[in-house]
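**Student:** Following this message is one structure expressed as structure tokens.
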Amino acid sequence: MWGAMEIYGKGGTLYGHLEHAAGGGAVLKCDGNVVMTLEAAQDDLQMTASSPSGALLATAGKNVQFASKQMESHDTWKLQVKPGVDALLVASTMLSLMLFTQ
């Protein structure tokens with residue numbers, strides 16, 4: 001089990017903390033408030049990122065739906081982020097979760 005990880009933004013300012021959540025996921029907190037939840041499955045590096053209200057922000061894995069076609073791969077991890085969502089923040093928190101839960 002890992003502790004909270006500090007997340008820094010532009011100019012080296014502290015953005016928030018990535019904290020382990022029950023069930024193998026994580027929550028990203030900014031000023032003590034949850035701004036994103038991450039859930040991870042054991043299969044194919046499947047992950048989802050959601051807003052505090054439960055709206056889907058991003059999906060990732062080796063088998064991800066892009067637009068109207070299914071993209072499958074045995075050796076490539078893909079990430080699809082909804083418009084208007086910070087893709088770099090989602091990608092870095094997902095990759096951190098992968099690294100620290102292995």
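Residues in the structure tokens are numbered from 1 in each chain, the chains being A, B, ... in the order shown, and ligands are numbered from 1 in the order shown.
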Name all residues at most 8 Å from Trp77 (chain A) (count only C-alpha atoms; drop same-chain ones fewer than 4 positions away) and give them as a PyMOL selection string.
**Tutor:** chain A and resi 45+60-62+73
**Student:** Write out as a list of chain:residue names the residues lying within 10 Å of Gln46 (chain A), counting only C-alpha atoms and excluding same-chain residues fewer than 2 positions away.
**Tutor:**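 Once the adjacent positions are removed, what remains is A:Glu39, A:Ala40, A:Ala41, A:Gln42, A:Asp43, A:Asp44, A:Thr48, A:Thr59, A:Ala60, A:Gly61, A:Lys62, A:Asn63, A:Val64, A:Trp77, A:Lys78, A:Leu79.
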**Student:** If you run DSSP on this backbone, which residues of region 1-94 of chain A come out as helix (DSSP H, G or I), and could you give them as a list in words?
**Tutor:**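 The helix (DSSP H, G or I) residues within region 1-94 of chain A come out as Lys10, Gly11, Gly12, Ala87, Leu88, Leu89, Val90, Ala91, Ser92, Thr93 and Met94 of chain A.
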**Student:** Between CA of Thr93 (chain A) and CA of Leu28 (chain A), what is the distance in Å, rounded to a tenth?
**Tutor:**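 Result for CA of Thr93 (chain A) versus CA of Leu28 (chain A): 8.2 Å, one decimal.
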**Student:** Pick out the residues sitting within 12 Å of Gly54 (chain A), and hand them over as a ChimeraX atom specification; count only C-alpha atoms, and ignore anything fewer than 4 positions along from it in its own chain.
**Tutor:** /A:34-39,48-50,58
**Student:** Tell me, which residues of chain A carry DSSP strand (DSSP E), written as a PyMOL selection string?
**Tutor:** chain A and resi 5-8+14-20+26-30+33-40+47-50+56-61+63-66+69-72+78-81
**Student:** From the options A:Val81, A:Leu97, A:Ala91, A:Ala55, which residue's atoms come nearest to Glu19 (chain A), counting only C-alpha atoms?
**Tutor:** A:Leu97
**Student:** How many Å lie between CA of Asp31 (chain A) and CA of Lys82 (chain A), rounded to one decimal?
**Tutor:**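 Going from CA of Asp31 (chain A) over to CA of Lys82 (chain A) covers 23.8 Å.
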**Student:** One decimal, Å: what's the distance from CA of Gly16 (chain A) over to CA of Ser53 (chain A), could you say?
**Tutor:**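 It comes out at 18.5 Å.
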**Student:** Counting only C-alpha atoms, figure out which residue out of A:Asn33, A:Leu95, A:Thr101, A:Tyr15 gets nearest to Gly3 (chain A).
**Tutor:**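 Smallest separation from Gly3 (chain A) among the options: A:Thr101.
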**Student:** So, with only C-alpha atoms as the atoms that count, which of A:Tyr8, A:Met47, A:Ala22, A:Gly32 lies closest to Met94 (chain A)?
**Tutor:**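 Of A:Tyr8, A:Met47, A:Ala22, A:Gly32, the one nearest Met94 (chain A) is A:Met47, counting only C-alpha atoms.
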